[in-house]
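Since the structure comes first, as structure tokens, the remarks are kept for the end.
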Amino acid sequence: MAQPKLSEDVYNVKNGDNAVSKETVYLEETFYIRLKKKTPFRVRLTSNRLSLIKDDSSKEQTIPLQDIIGSKCMRSKRRRVGAGSCVCRSFVGKPPLKVVDEDSGDLDENDISAYLYIYAYNLKRSRRSLKRERTTITLQFRSYDKYEDNNREAQRWRNTIKCLIANEPITNVVPQNDKKLLILINPKSGSGKAVELFQTKVATILNEAEIPYYLRVTESAQYARDYIRTRDVYCWRGVVAVGGDGVLFEILNGMFERLDWQQALAEVPLAIIPCGSGNGLARTICHHYNEPYITHNLTGLSMALVRGKTANMDVVRVETKSKIMYSFLSVGWGLLADIDIESEKLRVIGGQRFTLWALARLIGLRKYKGVIHYARIKDVSNLPKPKLPLTISHSVSHDGELDSPDTEDFVDCYENTETLTNVVNGKRHKRVDSWHSTNSRRSTFYSTRGSEYHSVTSSGSEMRSPVHACMHGPASHLPSLMSQLPSHWEREEGEFVMAYVSYQAYIGEDLLFAPRSQLSDGVMWLLIIKAGITRSQIFSFLMGMSHGSHSEINGEYIKMIPVSAFRLVPEGPNGYITVDGELVEYGPIQAEIFPNIVNLLVPNNNL
Ligand SMILES: Nc1ncnc2c1ncn2[C@@H]1O[C@H](COP(=O)(O)OP(=O)(O)OP(=O)(O)O)[C@@H](O)[C@H]1O
């Protein structure tokens with residue numbers, strides 16, 4: 001019998017591509033799989049993965065560390081007197097294991113085992129799809145005849161896993177970060193399911209990872225903005241927008257209404273959980289980090305909240321006649337802005353509203369007069385090659401699904417007759433095998449101690465910023481909106497179907513607008529479509545956006561230009577202009593990009 005060990009052994013690991021890498025082994029021990037008596041598995045925790053290897057090496061399951069979100073120690077739950085004697089209920093073998101927190105008053109004192117639950121969301125690739133699948137590994141520690149000794153072993157595994165996840169040195173103490181995530185949910189975003197989606201998909205993952213959060217449901221438009229402007233944001237480990245791009249737009253602008261905007265944006269990362277109808281930024285983040293994006297499947301971005309990895313993002317300072325605002329996604333005028341705003345009445349059908357309204361608008365195609373000025377970025381050759389969408393559109397995923405039909409019931413292994421002994425501190429202890437249940441895909445819903453849920457009046461954290469709203473932010477390099485522009489700027493004048501500027505790859509879940517765009521590259525992509533284009537050309541252009549092929553088009557009517565600043569001066573009083581999908585005043589508007597201003601929580605995938 002191999003002894004459990006906490007070691008610094010290095011061993012060779014064969015990767016999928018047959019390359020061999022060296023990894024430090026932190027823990028290794030033998031467990032027995034339930035129901036298959038006498039089938040020992042080595043469970044090995046290394047710097048990169050958790051491996052479950054059948055002793056004869058005929059089978060191995062590997063979970064990359066980046067897919068593990070947390071682990072918890074539990075005890076078995078006391079069974080009610082008479083439970084299980086009900087004639088209507090019969091179990092094959094033992095009844096399923098029920099566990100409770102270690103400090104629960106409902107625990108079974110007779111079971112001296114400590115149970116370690118390890119939660120992972122494995123990235124599974126197949127030829128047709130990429131998806132995350134929830135896996136729970138359960139290790140039962142019962143080598144010793146006292147719970148305290150078994151628990152010590154389980155805690156050792158838990159602490160090591162937690163330290164590795166947090167990328168911190170391995171100690172006997174679990175890494176502590178008591179700061180909560182601030183969750184701001186827009187209950188009206190998309191088809192109105194944001195609260196439910198958060199509770200069923202995101203809260204589960206936060207609870208498994210033991211990440212505390214403070215939740216507020218917005219009461220009205222501008223609520224999130226006012227909240228961020230007037231609170232002590234430094235007590236949060238991050239601010240999460242649960243909704244569409246509009247909530248994040250409010251949070252961002254709330255940040256810029258603070259005198260300490262620079263420090264706040266540097267120290268408090270922002271994040272998005274997509275429950276809106278457009279979800280351009282969420283889709284973009286998944287695109288850049290090779291994370292599967294499936295509508296209402298929030299696993300990948302929920303994992304980003306847990307792992308705490310950040311990336312920089314550009315922001316664009318936008319100026320209209322009466323307002324200054326900060327944007328992370330887009331400025332639109334003409335066709336796409338019309339679709340965005342006029343399809344509001346179809347909000348209840350979710351993202352489909354854009355497709356339906358696009359067809360309507362194509363039939364009644366409008367033209368707009370105006371002038372578009374822009375500062376072209378001459379050399380974009382250093383930008384990476386365009387990236388194509390990662391997933392196949394019809395992929396399916398089980399991730400985040402609770403209680404999936406193929407759930408395996410846990411059966412404890414008391415019937416297992418294998419008995420092993422080991423020696424600890426010179427004393428012989430009775431050692432019984434432990435077991436694991438791989439691929440159990442079993443879900444549990446815990447409430448994390450310290451998390452709070454509020455949906456009504458605000459209270460709490462101290463005020464740090466003045467209550468009055470006033471925009472701060474980086475100093476503009478542009479002349480004022482009515483002043484003359486530098487001579488090197490180019491211009492297009494006449495009738496247009498639309499102008500649309502985006503600084504993100506995706507402007508909606510299925511609209512890959514700027515395939516060469518990066519989160520932080522200092523580039524805005526200006527699309528101009530001139531009047532005179534046929535409906536069928538526009539239609540094929542819009543269709544091309546679903547896989548990004550449109551951006552190669554640069555013809556008589558359609559242009560895609562990388563710019564660092566632009567000014568749009570529409571003629572006449574009627575039309576829509578949108579910033580990040582939000583309606584702003586119609587009239588002259590100008591914008592410039594500032595790189596690396598925002599910190600975003602992003603997936604932890606190896607790229
Ligand atoms: N409680 C609320 N009641 C009404 N409106 C709200 C509330 N909270 C936020 N809003 C507003 O709802 C608007 C739309 O929000 P959001 O962007 O989250 O959803 P969406 O429009 O469905 O998604 P997307 O922007 O991705 O298309 C925003 O202008 C926001 O200010």
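Every chain in the structure tokens takes a letter, A first, then B, and so on in the order presented; its residues are numbered from 1, and the ligands are numbered from 1 following the presented order.
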All residues having an atom within 9 Å of ligand 1 (only C-alpha atoms and all ligand atoms) as a PyMOL selection string: chain A and resi 184-192+194+217-225+241-250+274-282+340+344+347+350-351+507-509+580-583
Residues flagged strand (DSSP E) by DSSP in segment 477-582 of chain A, as a PyMOL selection string: chain A and resi 490-502+506-508+511-512+524-530+558-570+577-579+582
Can I get the selected residues back with N, CA and C atoms, as a short mmCIF file (atom, residue, chain, number, x, y, z; two decimals), in the first residue's frame?
data_model
loop_
_atom_site.label_atom_id
_atom_site.label_comp_id
_atom_site.auth_asym_id
_atom_site.auth_seq_id
_atom_site.Cartn_x
_atom_site.Cartn_y
_atom_site.Cartn_z
N GLU A 490 -9.65 62.09 -42.44
CA GLU A 490 -10.36 61.86 -43.71
C GLU A 490 -11.85 62.05 -43.49
N ARG A 491 -12.61 62.16 -44.59
CA ARG A 491 -14.05 62.34 -44.43
C ARG A 491 -14.86 61.67 -45.53
N GLU A 492 -16.06 61.29 -45.21
CA GLU A 492 -17.03 60.75 -46.18
C GLU A 492 -18.28 61.59 -46.01
N GLU A 493 -18.82 62.07 -47.12
CA GLU A 493 -20.01 62.92 -47.02
C GLU A 493 -21.06 62.41 -47.99
N GLY A 494 -22.32 62.51 -47.62
CA GLY A 494 -23.38 62.10 -48.55
C GLY A 494 -24.49 61.35 -47.85
N GLU A 495 -25.05 60.34 -48.57
CA GLU A 495 -26.15 59.55 -48.01
C GLU A 495 -25.64 58.18 -47.59
N PHE A 496 -26.08 57.75 -46.44
CA PHE A 496 -25.58 56.48 -45.89
C PHE A 496 -26.75 55.59 -45.47
N VAL A 497 -26.48 54.27 -45.53
CA VAL A 497 -27.42 53.33 -44.91
C VAL A 497 -27.08 53.22 -43.42
N MET A 498 -25.80 53.24 -43.14
CA MET A 498 -25.38 53.21 -41.74
C MET A 498 -23.91 53.51 -41.56
N ALA A 499 -23.58 53.91 -40.33
CA ALA A 499 -22.18 53.91 -39.89
C ALA A 499 -22.19 53.21 -38.54
N TYR A 500 -21.25 52.34 -38.33
CA TYR A 500 -21.21 51.61 -37.07
C TYR A 500 -19.75 51.45 -36.66
N VAL A 501 -19.45 51.79 -35.43
CA VAL A 501 -18.07 51.69 -34.95
C VAL A 501 -18.06 50.73 -33.78
N SER A 502 -17.17 49.75 -33.82
CA SER A 502 -17.05 48.87 -32.65
C SER A 502 -15.59 48.63 -32.32
N TYR A 506 -17.14 41.02 -31.28
CA TYR A 506 -18.57 40.74 -31.47
C TYR A 506 -19.40 41.93 -30.99
N ILE A 507 -20.45 42.28 -31.71
CA ILE A 507 -21.37 43.30 -31.23
C ILE A 507 -22.69 42.67 -30.77
N GLY A 508 -22.84 41.40 -30.98
CA GLY A 508 -24.00 40.65 -30.50
C GLY A 508 -23.59 39.19 -30.49
N LEU A 511 -22.97 38.19 -34.07
CA LEU A 511 -22.48 39.20 -35.00
C LEU A 511 -20.99 39.47 -34.78
N LEU A 512 -20.17 38.75 -35.56
CA LEU A 512 -18.72 38.93 -35.48
C LEU A 512 -18.37 40.12 -36.37
N MET A 524 -10.45 51.25 -33.09
CA MET A 524 -11.90 51.16 -33.33
C MET A 524 -12.08 50.80 -34.79
N TRP A 525 -13.06 49.98 -35.08
CA TRP A 525 -13.33 49.59 -36.47
C TRP A 525 -14.59 50.31 -36.93
N LEU A 526 -14.40 51.17 -37.92
CA LEU A 526 -15.50 51.99 -38.45
C LEU A 526 -16.04 51.36 -39.73
N LEU A 527 -17.32 51.00 -39.67
CA LEU A 527 -17.97 50.42 -40.85
C LEU A 527 -18.88 51.49 -41.45
N ILE A 528 -18.69 51.74 -42.74
CA ILE A 528 -19.55 52.71 -43.42
C ILE A 528 -20.25 51.98 -44.57
N ILE A 529 -21.58 52.08 -44.61
CA ILE A 529 -22.32 51.55 -45.76
C ILE A 529 -23.05 52.72 -46.41
N LYS A 530 -22.68 52.97 -47.66
CA LYS A 530 -23.25 54.12 -48.36
C LYS A 530 -24.58 53.77 -49.03
N ILE A 558 -19.28 49.62 -49.32
CA ILE A 558 -19.00 49.20 -47.95
C ILE A 558 -17.51 49.39 -47.63
N LYS A 559 -17.26 50.04 -46.50
CA LYS A 559 -15.87 50.23 -46.08
C LYS A 559 -15.72 49.86 -44.63
N MET A 560 -14.60 49.25 -44.29
CA MET A 560 -14.28 48.95 -42.90
C MET A 560 -12.90 49.55 -42.63
N ILE A 561 -12.84 50.55 -41.73
CA ILE A 561 -11.60 51.31 -41.57
C ILE A 561 -11.17 51.29 -40.09
N PRO A 562 -9.89 50.95 -39.83
CA PRO A 562 -9.41 51.05 -38.44
C PRO A 562 -9.14 52.52 -38.10
N VAL A 563 -9.71 53.00 -37.01
CA VAL A 563 -9.56 54.43 -36.66
C VAL A 563 -9.23 54.56 -35.17
N SER A 564 -8.64 55.72 -34.83
CA SER A 564 -8.38 56.00 -33.41
C SER A 564 -9.38 57.02 -32.87
N ALA A 565 -10.04 57.73 -33.79
CA ALA A 565 -11.05 58.72 -33.38
C ALA A 565 -11.97 58.98 -34.56
N PHE A 566 -13.18 59.43 -34.29
CA PHE A 566 -14.08 59.79 -35.40
C PHE A 566 -15.06 60.86 -34.92
N ARG A 567 -15.66 61.53 -35.90
CA ARG A 567 -16.77 62.45 -35.61
C ARG A 567 -17.86 62.18 -36.64
N LEU A 568 -19.08 62.12 -36.16
CA LEU A 568 -20.22 61.91 -37.06
C LEU A 568 -21.14 63.11 -36.91
N VAL A 569 -21.49 63.71 -38.06
CA VAL A 569 -22.40 64.86 -38.01
C VAL A 569 -23.61 64.54 -38.89
N PRO A 570 -24.68 64.03 -38.29
CA PRO A 570 -25.86 63.71 -39.09
C PRO A 570 -26.60 64.98 -39.48
N ILE A 577 -29.06 57.37 -32.60
CA ILE A 577 -27.64 57.07 -32.38
C ILE A 577 -27.57 56.25 -31.09
N THR A 578 -26.81 55.17 -31.13
CA THR A 578 -26.68 54.34 -29.93
C THR A 578 -25.22 54.29 -29.48
N VAL A 579 -25.04 54.21 -28.17
CA VAL A 579 -23.71 53.96 -27.61
C VAL A 579 -23.87 52.71 -26.73
N GLU A 582 -27.31 51.71 -26.15
CA GLU A 582 -28.21 52.62 -25.44
C GLU A 582 -28.43 53.86 -26.30
#
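Counting from atom CA of Ser76 of chain A, the distance to atom CA of Leu116 of chain A is 11.0 Å.
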DSSP alpha helix (DSSP H) selection over segment 36-151 of chain A, as a PyMOL selection string: chain A and resi 147-151
Selected residues written out, N, CA and C atoms, as a JSON list (two decimals), in the first residue's frame:
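Writing done, so here's again28.json:
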[["chain", "number", "residue", "atom", "x", "y", "z"],
["A", 147, "TYR", "N", -12.70, 10.63, 13.42],
["A", 147, "TYR", "CA", -13.06, 11.62, 12.39],
["A", 147, "TYR", "C", -11.98, 12.69, 12.27],
["A", 148, "GLU", "N", -11.46, 13.16, 13.39],
["A", 148, "GLU", "CA", -10.49, 14.26, 13.39],
["A", 148, "GLU", "C", -9.28, 13.92, 12.50],
["A", 149, "ASP", "N", -8.83, 12.67, 12.59],
["A", 149, "ASP", "CA", -7.66, 12.27, 11.79],
["A", 149, "ASP", "C", -8.02, 12.21, 10.30],
["A", 150, "ASN", "N", -9.20, 11.67, 10.01],
["A", 150, "ASN", "CA", -9.63, 11.60, 8.61],
["A", 150, "ASN", "C", -9.84, 13.00, 8.04],
["A", 151, "ASN", "N", -10.41, 13.86, 8.88],
["A", 151, "ASN", "CA", -10.67, 15.23, 8.43],
["A", 151, "ASN", "C", -9.35, 15.96, 8.16]]
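Checking A:Glu592, A:Glu210, A:Glu102, A:Glu168 one by one against Ile69 of chain A, counting only C-alpha atoms, you find the shortest gap at A:Glu210.
Counting only C-alpha atoms, Leu362 of chain A has the following residues at most 9 Å away, ignoring those fewer than 5 positions along the same chain: Leu335, Trp357, Arg535, Ile538 and Phe539 of chain A.
For the pair atom CA of Thr136 of chain A and atom CA of Gly300 of chain A, the interatomic distance is 16.6 Å.
Using only C-alpha atoms, the smallest distance between any of A:Ile251, A:Gln199, A:Val233, A:Ile341 and Val268 of chain A comes from A:Val233.
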Close residues, segment 309-322 of chain A itself excluded, 9 Å, only C-alpha atoms, min 3 positions apart in chain, as a count of residues only: 49
